[in-house]
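Here is the structure we will look at, set down as structure tokens.
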Amino acid sequence: MKGLTTAQAEALRREHGRNTLIQVKPPGAVRMFLGQFKDAMVLILLAAAGISAALGEWMDSVTIAVIVLLNAVLGFVQEYRTEKTLEALRNLTAPTAKVWRDGTLTELPTELLVPGDLISVEAGDCVPADCVLREANRLYANESLLTGEAEPIAKHSAAPSADLTGLHKPYLLYSGTAVTRGSGTAEVTATGTSTQMGQISGMLSEIERSETPLQKRLGELGKVLAVICLGVCAAVFAAGVLRGEPIFEMLMTGISIAIAAIPEGLPATVTIALALAVSRMMKQRALVNRLHSVETLGCASVICSDKTGTITENRMTVTRLALPESVLEVTGSGTRQDGCIRADGKPVSVQRTSGLPQLLRCAVLCNNAQLSRAEDNTWKAVGDPTETALLTAAAAGGISQKTLSRYRRIAEEPFDSDTKCMSVLVTDGTERLLLTKGAFDVLLSKCSRIRVKAGVVPMTAHLREQLTAQADALSAQALRVLAFAERTADHLQDAATDMIFLGLSGMFDPPRAEAREAIRTCAAASVKTVMITGDHRQTAAAVAKQAGLLRGGDVVTGDELDLMSDVQLDRRLPQISVFARVNPSHKLRLVRAYKRAGHIVTMTGDGVNDAPAIKEADVGVAMGDGTDVAKQAADVILMDNNLATLVSAVEQGRCIYANIRKFVRYLLSCNIGEVITMFLGILMGMPVVLLPVQLLLVNLATDGLPAIALGLEPPEAGLMKHPPRKPEESFFAGGLLSRIIWRGIMIGLCTLGAFSTSLRLGGDLTQARTAALFTLVVSQLLHVFECKSEHGTLLTVRYFSNPKLLGAVFSSAVMLILTIWLPWAQNIFGTAPLYGNQLYQAAAFALAIPIMSSIAHLCTRQRRTAPDLLHGE
């Protein structure tokens with residue numbers, strides 16, 4: 001037990017490096033900030049800001065620059081937060097370790113450990129590196145961060161020829177895991193990036209964020225707008241030059257109209273809509289790390305969910321108590337106080353049920369956990385999960401440490417992986433009682449008697465067969481089986497023989513009730529839920545069946561995955577809904593396989609083992625009580641650990657995409673109308689129809705507020721009854737582009753009509769421009785109500801479903817009135833008051849288009865429904 005010498009350790013450190021995780025140098029703050037300006041729409045807006053400044057339109061230039069800066073700041077904050085993942089992972093490793101160096105046990109920083117070092121570990125220690133156990137004294141380790149298994153794992157010393165690679169090895173300790181019980185001496189086998197934790201760190205550093213579907217669609221939109229701007233500029237310039245206008249003047253005019261074609265408010269409106277959606281989700285206990293992931297949730301087609309703590313409660317729960325002649329059901333889950341013990345669906349009296357008081361007494365007294373009442377109808381549990389589950393089950397029958405306070409513990413034989421049982425010697429002042437709990441086969445061999453309804457009788461071969469069948473039946477339900485026995489005795493050593501068999505308990509980590517409902521809701525929305533866990537096949541299958549996930553599909557293990565090629569996996573993927581005994585690299589491979597199949601993948605989890613897959617997924621979702629690593633890698637954090645919250649987030653994602661389509665439809669229709677107005681006016685030889693300051697008023701005041709309010713539209717009925725949209729689906733799918741262009745043309749023609757009619761009615765140029773401004777703004781404010789639904793009209797939409805939209809339209813209308821009829825505003829915006837025929841004709845042009853559009857829509861619907869009615873008759 002001398003360990004390495006200092007010289008040997010130095011030589012090994014030069015060979016293997018320090019015991020630290022991979023440290024990727026993050027991009028500097030300046031580089032990260034500048035990276036936010038790569039988007040096509042942002043580049044177009046920057047160009048527009050520069051051109052506006054060159055033309056002397058400083059108000060336009062500053063406004064556009066502020067919008068671009070706002071988006072850049074938000075993007076920078078989100079990216080900076082995600083880069084905290086590796087830092088959180090490094091913080092998980094233990095700061096110091098007890099190491100044998102030069103024949104002395106000393107405490108050293110963990111980064112100085114090297115392969116071959118001998119370390120000492122005990123309960124409460126964080127394992128500093130991957131190690132193989134050379135000595136183990138009843139040692140247990142909690143490996144849920146790596147494997148997802150909730151139960152501490154019993155560890156023992158390794159054989160000389162043991163395999164020292166991979167997870168799930170009972171003689172290996174893994175870096176970052178915790179020793180929960182016992183002590184031992186271990187030899188370091190891997191440090192730094194060579195450990196299982198280090199390999200996860202490497203996976204995270206290799207994963208790059210991809211663009212969300214919305215970012216891709218907006219990028220495409222930016223390119224389309226760039227082409228439109230260049231086309232408009234070239235057309236106006238060519239038309240003017242052909243008419244003999246000065247070349248420079250027409251170039252400036254073309255550029256001005258092209259800038260008018262850009263919806264300056266679009267990026268800001270998208271950002272505000274997403275931010276408001278994030279705020280709504282926060283009220284529903286979902287915290288969003290990455291802004292654009294809100295919308296991506298809406299097109300999620302696969303949810304890859306961890307089992308422990310996500311689908312299940314991450315609390316062992318006793319569901320069955322098996323007496324020799326009957327099996328009782330224990331209701332309730334986790335640490336809830338509303339459970340009871342039932343037989344044939346009816347509550348039983350513990351004291352009147354033969355053998356049950358003795359079984360529960362053994363479960364409570366042969367136990368080191370503690371249970372106390374909490375304020376929210378739950379028990380506050382402290383101790384081993386198995387033992388707290390036993391205390392909760394006993395409490396359901398009215399038996400507790402308080403009711404058994406007359407008993408005093410004299411001695412204890414702790415649970416050991418070799419003996420597979422725990423024994424205590426207690427006394428109530430009159431007699432000594434030896435109580436034992438442990439593995440069924442071990443305790444059965446120690447029992448020569450059994451307690452039945454008739455009392456204590458000798459154990460027979462027939463009774464042993466019945467008990468074995470009972471235990472097998474519980475195990476077949478993926479329940480963890482414990483047996484209980486007792487006898488009067490004076491010493492712990494008496495537990496080896498002549499015990500009285502009392503019964504069995506069956507427990508497991510149950511599915512959350514809300515998880516079952518969430519899975520059903522996802523199925524109705526054509527979103528597939530897949531469970532990916534490190535637990536055993538049988539346990540995974542049982543949980544999946546109870547949660548409604550396993551309906552005849554296969555359960556595939558990690559070992560079976562290793563034998564599949566990517567082609568074989570892709571072929572079988574649609575039929576598989578449960579994956580068991582998987583490691584972090586398997587989870588990452590599965591997420592990539594689903595993405596390869598064209599799915600938008602959401603990955604949920606809470607442990608370190610989930611972090612690489614969470615970061616690789618299109619939307620990573622962590623649980624609120626999960627590790628910092630999982631939270632930092634995630635896009636969304638469920639603060640209440642509730643899958644139902646995730647379903648609400650999916651609905652919000654679908655809603656926000658529908659709303660973005662609505663305000664894009666509104667903004668582009670309005671901008672096309674403005675371009676048509678200016679472009680055709682020049683081609684027809686008219687004076688400039690609208691002044692630049694009037695266009696600015698329309699774009700930022702009367703366009704912006706209603707567009708933002710459209711982003712707050714509530715979800716439409718049946719939103720979660722339809723399949724998610726395809727990732728490759730065009731932003732303008734469903735005829736949206738044709739509706740935008742058609743409505744934009746009509747807005748432009750009506751505005752020109754109001755302008756020319758005003759001149760014919762004897763108005764001067766200022767009045768004609770005012771009439772055009774009135775028609776343009778009013779027609780846009782009417783159009784915003786049409787944009788509330790892709791299938792409705794002004795005659796069918798629900799006007800009062802979004803009060804904020806009514807407020808925005810009212811505010812824009814007030815701005816228009818003040819601009820036209822207030823003297824000081826007339827001087828700023830170049831307007832004149834409208835009265836009489838000038839006002840009526842402008843209003844008529846504004847109302848003409850939506851009225852005719854509504855009538856045409858109703859006629860089309862009647863023609864479509866008429867054949868159906870005739871067929872029904």
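Each chain of the structure tokens is named A, B, ... in the order shown, its residues numbered from 1; ligands are numbered from 1 in display order.
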
Handout entry: Residue neighbourhood A:Leu695, 8 Å, only C-alpha atoms, exclusion window fewer than 4 positions, as a PyMOL selection string
Key = chain A and resi 260+674+690-691+699

Export of prior selection with N, CA, C and O atoms as a short mmCIF file (atom, residue, chain, number, x, y, z; two decimals), in the first residue's frame:
```
data_model
loop_
_atom_site.label_atom_id
_atom_site.label_comp_id
_atom_site.auth_asym_id
_atom_site.auth_seq_id
_atom_site.Cartn_x
_atom_site.Cartn_y
_atom_site.Cartn_z
N ALA A 260 -37.39 51.27 -48.91
CA ALA A 260 -38.78 51.21 -48.47
C ALA A 260 -39.32 49.79 -48.55
O ALA A 260 -40.25 49.42 -47.82
N GLU A 674 -46.43 49.72 -50.34
CA GLU A 674 -45.68 50.99 -50.39
C GLU A 674 -44.79 51.06 -51.63
O GLU A 674 -44.69 52.11 -52.28
N LEU A 690 -45.50 59.66 -51.77
CA LEU A 690 -45.31 59.76 -50.32
C LEU A 690 -43.89 60.24 -50.02
O LEU A 690 -42.92 59.77 -50.63
N LEU A 691 -43.77 61.16 -49.08
CA LEU A 691 -42.47 61.67 -48.69
C LEU A 691 -41.74 60.62 -47.83
O LEU A 691 -42.38 59.78 -47.19
N ASN A 699 -43.85 52.73 -41.64
CA ASN A 699 -43.07 51.52 -41.34
C ASN A 699 -42.87 51.28 -39.85
O ASN A 699 -42.94 50.15 -39.37
#
```

Practice task
Return the single residue from A:Ile311, A:Met531, A:Leu276, A:Val442 that is closest to A:Ile656, with distances computed using only C-alpha atoms.
Solution key: A:Leu276

Fill in the blank from the handout: From the list A:Leu492, A:Val797, A:Ala524, A:Ala395, the nearest residue to A:Arg432 using only C-alpha atoms is A:Leu492

Problem - Per-residue DSSP, stretch 96-245 of chain A, filtered to helix (DSSP H, G or I), as a ChimeraX atom specification - result: /A:110-112,144-147,192-194,196-206,213-242

Selection above as a file: C-alpha atoms, as a PDB file, in the first residue's frame:
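The file below, part-v9.pdb, is the result:
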```pdb
ATOM      1  CA  THR A 110      -7.147  15.915  -8.174  1.00  0.00           C
ATOM      2  CA  GLU A 111      -5.443  17.401 -11.235  1.00  0.00           C
ATOM      3  CA  LEU A 112      -2.167  15.829 -10.009  1.00  0.00           C
ATOM      4  CA  SER A 144     -26.992   8.225 -11.865  1.00  0.00           C
ATOM      5  CA  LEU A 145     -25.094  11.164 -13.406  1.00  0.00           C
ATOM      6  CA  LEU A 146     -23.507   8.761 -15.893  1.00  0.00           C
ATOM      7  CA  THR A 147     -25.919   5.838 -16.216  1.00  0.00           C
ATOM      8  CA  GLY A 192      -8.669  13.689 -17.618  1.00  0.00           C
ATOM      9  CA  THR A 193     -10.129  13.228 -21.064  1.00  0.00           C
ATOM     10  CA  SER A 194      -9.608   9.461 -20.923  1.00  0.00           C
ATOM     11  CA  GLN A 196     -15.904   8.381 -18.937  1.00  0.00           C
ATOM     12  CA  MET A 197     -16.638  11.958 -17.804  1.00  0.00           C
ATOM     13  CA  GLY A 198     -13.821  13.217 -20.020  1.00  0.00           C
ATOM     14  CA  GLN A 199     -15.246  11.439 -23.039  1.00  0.00           C
ATOM     15  CA  ILE A 200     -18.557  13.246 -22.440  1.00  0.00           C
ATOM     16  CA  SER A 201     -16.633  16.523 -22.281  1.00  0.00           C
ATOM     17  CA  GLY A 202     -15.052  15.670 -25.625  1.00  0.00           C
ATOM     18  CA  MET A 203     -18.463  14.925 -27.153  1.00  0.00           C
ATOM     19  CA  LEU A 204     -19.794  18.311 -26.004  1.00  0.00           C
ATOM     20  CA  SER A 205     -16.852  20.212 -27.457  1.00  0.00           C
ATOM     21  CA  GLU A 206     -17.302  18.515 -30.843  1.00  0.00           C
ATOM     22  CA  PRO A 213     -35.837  25.993 -38.869  1.00  0.00           C
ATOM     23  CA  LEU A 214     -37.010  29.559 -38.264  1.00  0.00           C
ATOM     24  CA  GLN A 215     -33.502  30.963 -38.690  1.00  0.00           C
ATOM     25  CA  LYS A 216     -33.205  29.071 -41.975  1.00  0.00           C
ATOM     26  CA  ARG A 217     -36.584  30.378 -43.163  1.00  0.00           C
ATOM     27  CA  LEU A 218     -35.728  33.955 -42.188  1.00  0.00           C
ATOM     28  CA  GLY A 219     -32.379  33.567 -43.934  1.00  0.00           C
ATOM     29  CA  GLU A 220     -34.195  32.543 -47.115  1.00  0.00           C
ATOM     30  CA  LEU A 221     -36.573  35.464 -46.697  1.00  0.00           C
ATOM     31  CA  GLY A 222     -33.622  37.827 -46.365  1.00  0.00           C
ATOM     32  CA  LYS A 223     -32.171  36.559 -49.651  1.00  0.00           C
ATOM     33  CA  VAL A 224     -35.538  36.999 -51.393  1.00  0.00           C
ATOM     34  CA  LEU A 225     -35.779  40.561 -50.084  1.00  0.00           C
ATOM     35  CA  ALA A 226     -32.244  41.270 -51.282  1.00  0.00           C
ATOM     36  CA  VAL A 227     -33.193  40.180 -54.806  1.00  0.00           C
ATOM     37  CA  ILE A 228     -36.395  42.280 -54.663  1.00  0.00           C
ATOM     38  CA  CYS A 229     -34.464  45.352 -53.494  1.00  0.00           C
ATOM     39  CA  LEU A 230     -31.911  45.042 -56.303  1.00  0.00           C
ATOM     40  CA  GLY A 231     -34.688  44.430 -58.833  1.00  0.00           C
ATOM     41  CA  VAL A 232     -36.715  47.456 -57.720  1.00  0.00           C
ATOM     42  CA  CYS A 233     -33.657  49.683 -57.710  1.00  0.00           C
ATOM     43  CA  ALA A 234     -32.644  48.559 -61.218  1.00  0.00           C
ATOM     44  CA  ALA A 235     -36.202  48.877 -62.609  1.00  0.00           C
ATOM     45  CA  VAL A 236     -36.759  52.390 -61.234  1.00  0.00           C
ATOM     46  CA  PHE A 237     -33.337  53.520 -62.389  1.00  0.00           C
ATOM     47  CA  ALA A 238     -33.865  52.100 -65.909  1.00  0.00           C
ATOM     48  CA  ALA A 239     -37.398  53.516 -66.222  1.00  0.00           C
ATOM     49  CA  GLY A 240     -36.318  56.982 -65.126  1.00  0.00           C
ATOM     50  CA  VAL A 241     -33.267  57.093 -67.411  1.00  0.00           C
ATOM     51  CA  LEU A 242     -35.396  55.955 -70.383  1.00  0.00           C
TER      52      LEU A 242
END
```

Exercise for the section: Considering only C-alpha atoms, state which residue in the set A:Val591, A:Leu12, A:Ala842, A:Leu822 is at the smallest distance from A:Gly753. Expected result: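 Closest to A:Gly753 of all the choices is A:Ala842.
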
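Proximity of A:Gly345, A:Pro724, A:Gly558, A:Gly298 to A:Ala649, computed with only C-alpha atoms, is greatest for A:Gly298.
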
Completion exercise
Pairwise distance, atom CA of A:Met499 with atom CA of A:Ile410, equals 18.5 Å

Handout entry: Residue among A:Arg589, A:Arg315, A:Lys528, A:Lys437 lying closest to A:Ile576, counting only C-alpha atoms
Key =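 With only C-alpha atoms as the atom set, the closest residue is A:Lys528.
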
Problem - Long-range neighbours of A:Ala709 as a VMD selection string, 9 Å cut-off, only C-alpha atoms, 2 positions minimum in chain - result: chain A and resid 273 663 704 to 707 711 to 713 802 to 809

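Put simply, atom CA of A:Val784 is 10.7 Å away from atom CA of A:Tyr799.
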
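Among the candidates A:Pro823, A:Pro727, A:Gly534, A:Gly548, the one nearest to A:Lys307 when counting only C-alpha atoms is A:Gly534.
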
Exercise for the section: Determine, counting only C-alpha atoms, which protein, DNA and RNA residues have an atom within 6 Å of an atom of A:Glu187; residues of the same chain fewer than 2 positions away are not included. Present the result as a PyMOL selection string. Expected result: chain A and resi 116-118+131-132

Exercise for the section: Pick out the residues sitting within 7 Å of A:Thr378, and hand them over as a PyMOL selection string; count only C-alpha atoms, and ignore anything fewer than 2 positions along from it in its own chain. Expected result: chain A and resi 335-337+373-374+376+380

Just the selected residues (all heavy atoms), exported as a PDB file, in the first residue's frame, please.
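The result, written out as again-v3.pdb:
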```pdb
ATOM      1  N   THR A 335     -43.151  10.113  -2.367  1.00  0.00           N
ATOM      2  CA  THR A 335     -43.260  10.405  -0.936  1.00  0.00           C
ATOM      3  C   THR A 335     -44.604  11.036  -0.578  1.00  0.00           C
ATOM      4  O   THR A 335     -44.718  11.738   0.429  1.00  0.00           O
ATOM      5  CB  THR A 335     -42.120  11.346  -0.515  1.00  0.00           C
ATOM      6  OG1 THR A 335     -42.156  12.520  -1.347  1.00  0.00           O
ATOM      7  CG2 THR A 335     -40.772  10.681  -0.649  1.00  0.00           C
ATOM      8  N   ARG A 336     -45.620  10.816  -1.379  1.00  0.00           N
ATOM      9  CA  ARG A 336     -46.949  11.350  -1.081  1.00  0.00           C
ATOM     10  C   ARG A 336     -47.522  10.648   0.157  1.00  0.00           C
ATOM     11  O   ARG A 336     -47.297   9.459   0.387  1.00  0.00           O
ATOM     12  CB  ARG A 336     -47.894  11.183  -2.268  1.00  0.00           C
ATOM     13  CG  ARG A 336     -47.508  12.052  -3.467  1.00  0.00           C
ATOM     14  CD  ARG A 336     -48.526  11.899  -4.575  1.00  0.00           C
ATOM     15  NE  ARG A 336     -49.861  12.326  -4.159  1.00  0.00           N
ATOM     16  CZ  ARG A 336     -50.282  13.587  -4.176  1.00  0.00           C
ATOM     17  NH1 ARG A 336     -49.459  14.539  -4.575  1.00  0.00           N
ATOM     18  NH2 ARG A 336     -51.500  13.891  -3.794  1.00  0.00           N
ATOM     19  N   GLN A 337     -48.316  11.388   0.934  1.00  0.00           N
ATOM     20  CA  GLN A 337     -48.870  10.872   2.172  1.00  0.00           C
ATOM     21  C   GLN A 337     -50.256  10.245   1.986  1.00  0.00           C
ATOM     22  O   GLN A 337     -50.863   9.802   2.959  1.00  0.00           O
ATOM     23  CB  GLN A 337     -48.975  11.998   3.207  1.00  0.00           C
ATOM     24  CG  GLN A 337     -47.636  12.572   3.628  1.00  0.00           C
ATOM     25  CD  GLN A 337     -47.797  13.694   4.651  1.00  0.00           C
ATOM     26  OE1 GLN A 337     -48.874  13.920   5.190  1.00  0.00           O
ATOM     27  NE2 GLN A 337     -46.705  14.404   4.925  1.00  0.00           N
ATOM     28  N   ARG A 373     -42.918  14.719   8.269  1.00  0.00           N
ATOM     29  CA  ARG A 373     -43.996  15.332   7.496  1.00  0.00           C
ATOM     30  C   ARG A 373     -43.558  16.668   6.905  1.00  0.00           C
ATOM     31  O   ARG A 373     -42.953  17.489   7.578  1.00  0.00           O
ATOM     32  CB  ARG A 373     -45.237  15.549   8.359  1.00  0.00           C
ATOM     33  CG  ARG A 373     -45.921  14.251   8.767  1.00  0.00           C
ATOM     34  CD  ARG A 373     -47.220  14.525   9.503  1.00  0.00           C
ATOM     35  NE  ARG A 373     -47.849  13.288   9.913  1.00  0.00           N
ATOM     36  CZ  ARG A 373     -48.682  12.581   9.137  1.00  0.00           C
ATOM     37  NH1 ARG A 373     -48.957  13.027   7.907  1.00  0.00           N
ATOM     38  NH2 ARG A 373     -49.226  11.473   9.576  1.00  0.00           N
ATOM     39  N   ALA A 374     -43.898  16.879   5.629  1.00  0.00           N
ATOM     40  CA  ALA A 374     -43.682  18.165   4.974  1.00  0.00           C
ATOM     41  C   ALA A 374     -45.027  18.885   4.870  1.00  0.00           C
ATOM     42  O   ALA A 374     -46.081  18.306   5.166  1.00  0.00           O
ATOM     43  CB  ALA A 374     -43.063  17.963   3.590  1.00  0.00           C
ATOM     44  N   ASP A 376     -46.556  20.046   2.144  1.00  0.00           N
ATOM     45  CA  ASP A 376     -47.303  19.899   0.894  1.00  0.00           C
ATOM     46  C   ASP A 376     -47.853  18.484   0.707  1.00  0.00           C
ATOM     47  O   ASP A 376     -47.850  17.941  -0.393  1.00  0.00           O
ATOM     48  CB  ASP A 376     -46.411  20.270  -0.301  1.00  0.00           C
ATOM     49  CG  ASP A 376     -45.124  19.461  -0.325  1.00  0.00           C
ATOM     50  OD1 ASP A 376     -44.860  18.754   0.668  1.00  0.00           O
ATOM     51  OD2 ASP A 376     -44.404  19.545  -1.330  1.00  0.00           O
ATOM     52  N   LYS A 380     -40.974  14.186   3.965  1.00  0.00           N
ATOM     53  CA  LYS A 380     -39.601  14.602   3.742  1.00  0.00           C
ATOM     54  C   LYS A 380     -38.709  13.418   4.070  1.00  0.00           C
ATOM     55  O   LYS A 380     -38.645  12.973   5.221  1.00  0.00           O
ATOM     56  CB  LYS A 380     -39.245  15.802   4.626  1.00  0.00           C
ATOM     57  CG  LYS A 380     -37.825  16.305   4.415  1.00  0.00           C
ATOM     58  CD  LYS A 380     -37.523  17.490   5.330  1.00  0.00           C
ATOM     59  CE  LYS A 380     -36.095  17.966   5.127  1.00  0.00           C
ATOM     60  NZ  LYS A 380     -35.768  19.093   6.048  1.00  0.00           N
TER      61      LYS A 380
END
```

Problem - Long-range neighbours of stretch 353-366 of chain A as a PyMOL selection string, 9 Å cut-off, only C-alpha atoms, 2 positions minimum in chain - result: chain A and resi 321+323-324+348-351+368-369+387+390-391+393-395+397+399-401+404+407+409+412+422-426+435-437+451-455+484-486+502-504

May I have the selected residues written with N, CA and C atoms, as a tab-separated table (two decimals), in the first residue's frame?
```tsv
chain	number	residue	atom	x	y	z
A	321	LEU	N	-46.90	-5.63	-1.36
A	321	LEU	CA	-46.46	-6.31	-0.15
A	321	LEU	C	-47.02	-7.72	-0.23
A	323	LEU	N	-47.57	-11.19	1.46
A	323	LEU	CA	-47.58	-12.10	2.60
A	323	LEU	C	-47.61	-13.53	2.07
A	324	PRO	N	-47.28	-14.53	2.87
A	324	PRO	CA	-47.23	-15.90	2.34
A	324	PRO	C	-48.53	-16.37	1.70
A	348	VAL	N	-57.27	-2.20	3.72
A	348	VAL	CA	-57.25	-3.23	4.76
A	348	VAL	C	-56.83	-2.62	6.08
A	349	SER	N	-57.23	-3.29	7.15
A	349	SER	CA	-56.77	-2.93	8.49
A	349	SER	C	-55.46	-3.68	8.75
A	350	VAL	N	-54.41	-2.94	9.01
A	350	VAL	CA	-53.10	-3.57	9.20
A	350	VAL	C	-53.13	-4.54	10.38
A	351	GLN	N	-53.72	-4.08	11.48
A	351	GLN	CA	-53.70	-4.91	12.69
A	351	GLN	C	-54.54	-6.17	12.54
A	368	ASN	N	-32.34	2.57	8.18
A	368	ASN	CA	-31.55	3.71	8.66
A	368	ASN	C	-32.01	5.04	8.08
A	369	ALA	N	-33.09	5.04	7.30
A	369	ALA	CA	-33.61	6.28	6.73
A	369	ALA	C	-34.49	7.00	7.74
A	387	GLU	N	-34.75	2.39	1.37
A	387	GLU	CA	-35.22	2.42	2.75
A	387	GLU	C	-36.30	3.47	2.95
A	390	LEU	N	-39.55	1.99	1.83
A	390	LEU	CA	-40.12	1.08	2.81
A	390	LEU	C	-40.82	1.85	3.93
A	391	LEU	N	-40.22	2.94	4.38
A	391	LEU	CA	-40.84	3.76	5.43
A	391	LEU	C	-42.15	4.37	4.94
A	393	ALA	N	-44.16	3.15	2.62
A	393	ALA	CA	-45.17	2.08	2.53
A	393	ALA	C	-45.71	1.73	3.92
A	394	ALA	N	-44.83	1.67	4.91
A	394	ALA	CA	-45.28	1.37	6.26
A	394	ALA	C	-46.18	2.49	6.79
A	395	ALA	N	-45.83	3.73	6.46
A	395	ALA	CA	-46.64	4.87	6.90
A	395	ALA	C	-48.04	4.81	6.29
A	397	GLY	N	-49.71	2.26	6.05
A	397	GLY	CA	-50.44	1.35	6.92
A	397	GLY	C	-50.48	1.80	8.37
A	399	ILE	N	-47.91	2.48	10.33
A	399	ILE	CA	-46.74	2.04	11.10
A	399	ILE	C	-45.57	2.97	10.80
A	400	SER	N	-44.95	3.51	11.84
A	400	SER	CA	-43.85	4.45	11.65
A	400	SER	C	-42.85	4.31	12.77
A	401	GLN	N	-41.75	5.02	12.66
A	401	GLN	CA	-40.74	5.01	13.72
A	401	GLN	C	-41.31	5.55	15.02
A	404	LEU	N	-43.39	2.91	16.76
A	404	LEU	CA	-42.53	1.83	17.25
A	404	LEU	C	-41.41	2.36	18.13
A	407	TYR	N	-39.14	0.51	20.78
A	407	TYR	CA	-38.01	-0.37	20.44
A	407	TYR	C	-36.72	0.45	20.39
A	409	ARG	N	-32.57	0.14	19.33
A	409	ARG	CA	-31.59	-0.67	18.60
A	409	ARG	C	-30.37	-0.95	19.47
A	412	GLU	N	-26.19	-3.57	14.94
A	412	GLU	CA	-26.55	-3.57	13.52
A	412	GLU	C	-25.47	-4.27	12.70
A	422	MET	N	-29.31	-7.03	5.54
A	422	MET	CA	-29.03	-6.15	6.67
A	422	MET	C	-29.79	-6.69	7.88
A	423	SER	N	-29.16	-6.67	9.04
A	423	SER	CA	-29.79	-7.17	10.26
A	423	SER	C	-29.62	-6.17	11.39
A	424	VAL	N	-30.63	-6.10	12.25
A	424	VAL	CA	-30.55	-5.27	13.45
A	424	VAL	C	-31.08	-6.08	14.63
A	425	LEU	N	-30.54	-5.79	15.79
A	425	LEU	CA	-31.00	-6.39	17.04
A	425	LEU	C	-31.65	-5.29	17.86
A	426	VAL	N	-32.94	-5.46	18.20
A	426	VAL	CA	-33.68	-4.42	18.92
A	426	VAL	C	-34.32	-5.04	20.16
A	435	LEU	N	-34.13	-8.67	13.48
A	435	LEU	CA	-34.87	-8.36	12.24
A	435	LEU	C	-33.90	-8.31	11.08
A	436	THR	N	-34.29	-8.91	9.96
A	436	THR	CA	-33.41	-8.96	8.79
A	436	THR	C	-34.20	-8.66	7.52
A	437	LYS	N	-33.58	-7.89	6.60
A	437	LYS	CA	-34.15	-7.68	5.27
A	437	LYS	C	-33.04	-7.87	4.26
A	451	ARG	N	-44.42	-17.28	8.98
A	451	ARG	CA	-45.62	-16.80	9.65
A	451	ARG	C	-46.78	-16.79	8.66
A	452	VAL	N	-47.83	-17.56	8.95
A	452	VAL	CA	-49.04	-17.61	8.13
A	452	VAL	C	-50.22	-17.21	9.00
A	453	LYS	N	-51.45	-17.30	8.46
A	453	LYS	CA	-52.63	-16.88	9.21
A	453	LYS	C	-52.81	-17.70	10.48
A	454	ALA	N	-52.43	-18.97	10.41
A	454	ALA	CA	-52.59	-19.84	11.57
A	454	ALA	C	-51.51	-19.64	12.62
A	455	GLY	N	-50.51	-18.80	12.31
A	455	GLY	CA	-49.41	-18.57	13.23
A	455	GLY	C	-48.09	-18.97	12.60
A	484	PHE	N	-38.21	-10.25	4.09
A	484	PHE	CA	-38.13	-9.84	5.48
A	484	PHE	C	-38.28	-11.08	6.38
A	485	ALA	N	-37.51	-11.09	7.46
A	485	ALA	CA	-37.57	-12.22	8.40
A	485	ALA	C	-37.25	-11.73	9.80
A	486	GLU	N	-37.62	-12.53	10.82
A	486	GLU	CA	-37.36	-12.15	12.20
A	486	GLU	C	-37.21	-13.40	13.07
A	502	LEU	N	-41.33	-13.59	6.90
A	502	LEU	CA	-42.49	-12.71	7.08
A	502	LEU	C	-43.18	-12.36	5.77
A	503	GLY	N	-42.42	-12.11	4.71
A	503	GLY	CA	-43.03	-11.72	3.44
A	503	GLY	C	-42.07	-10.97	2.55
A	504	LEU	N	-42.63	-10.37	1.49
A	504	LEU	CA	-41.84	-9.70	0.46
A	504	LEU	C	-42.38	-8.29	0.21
```
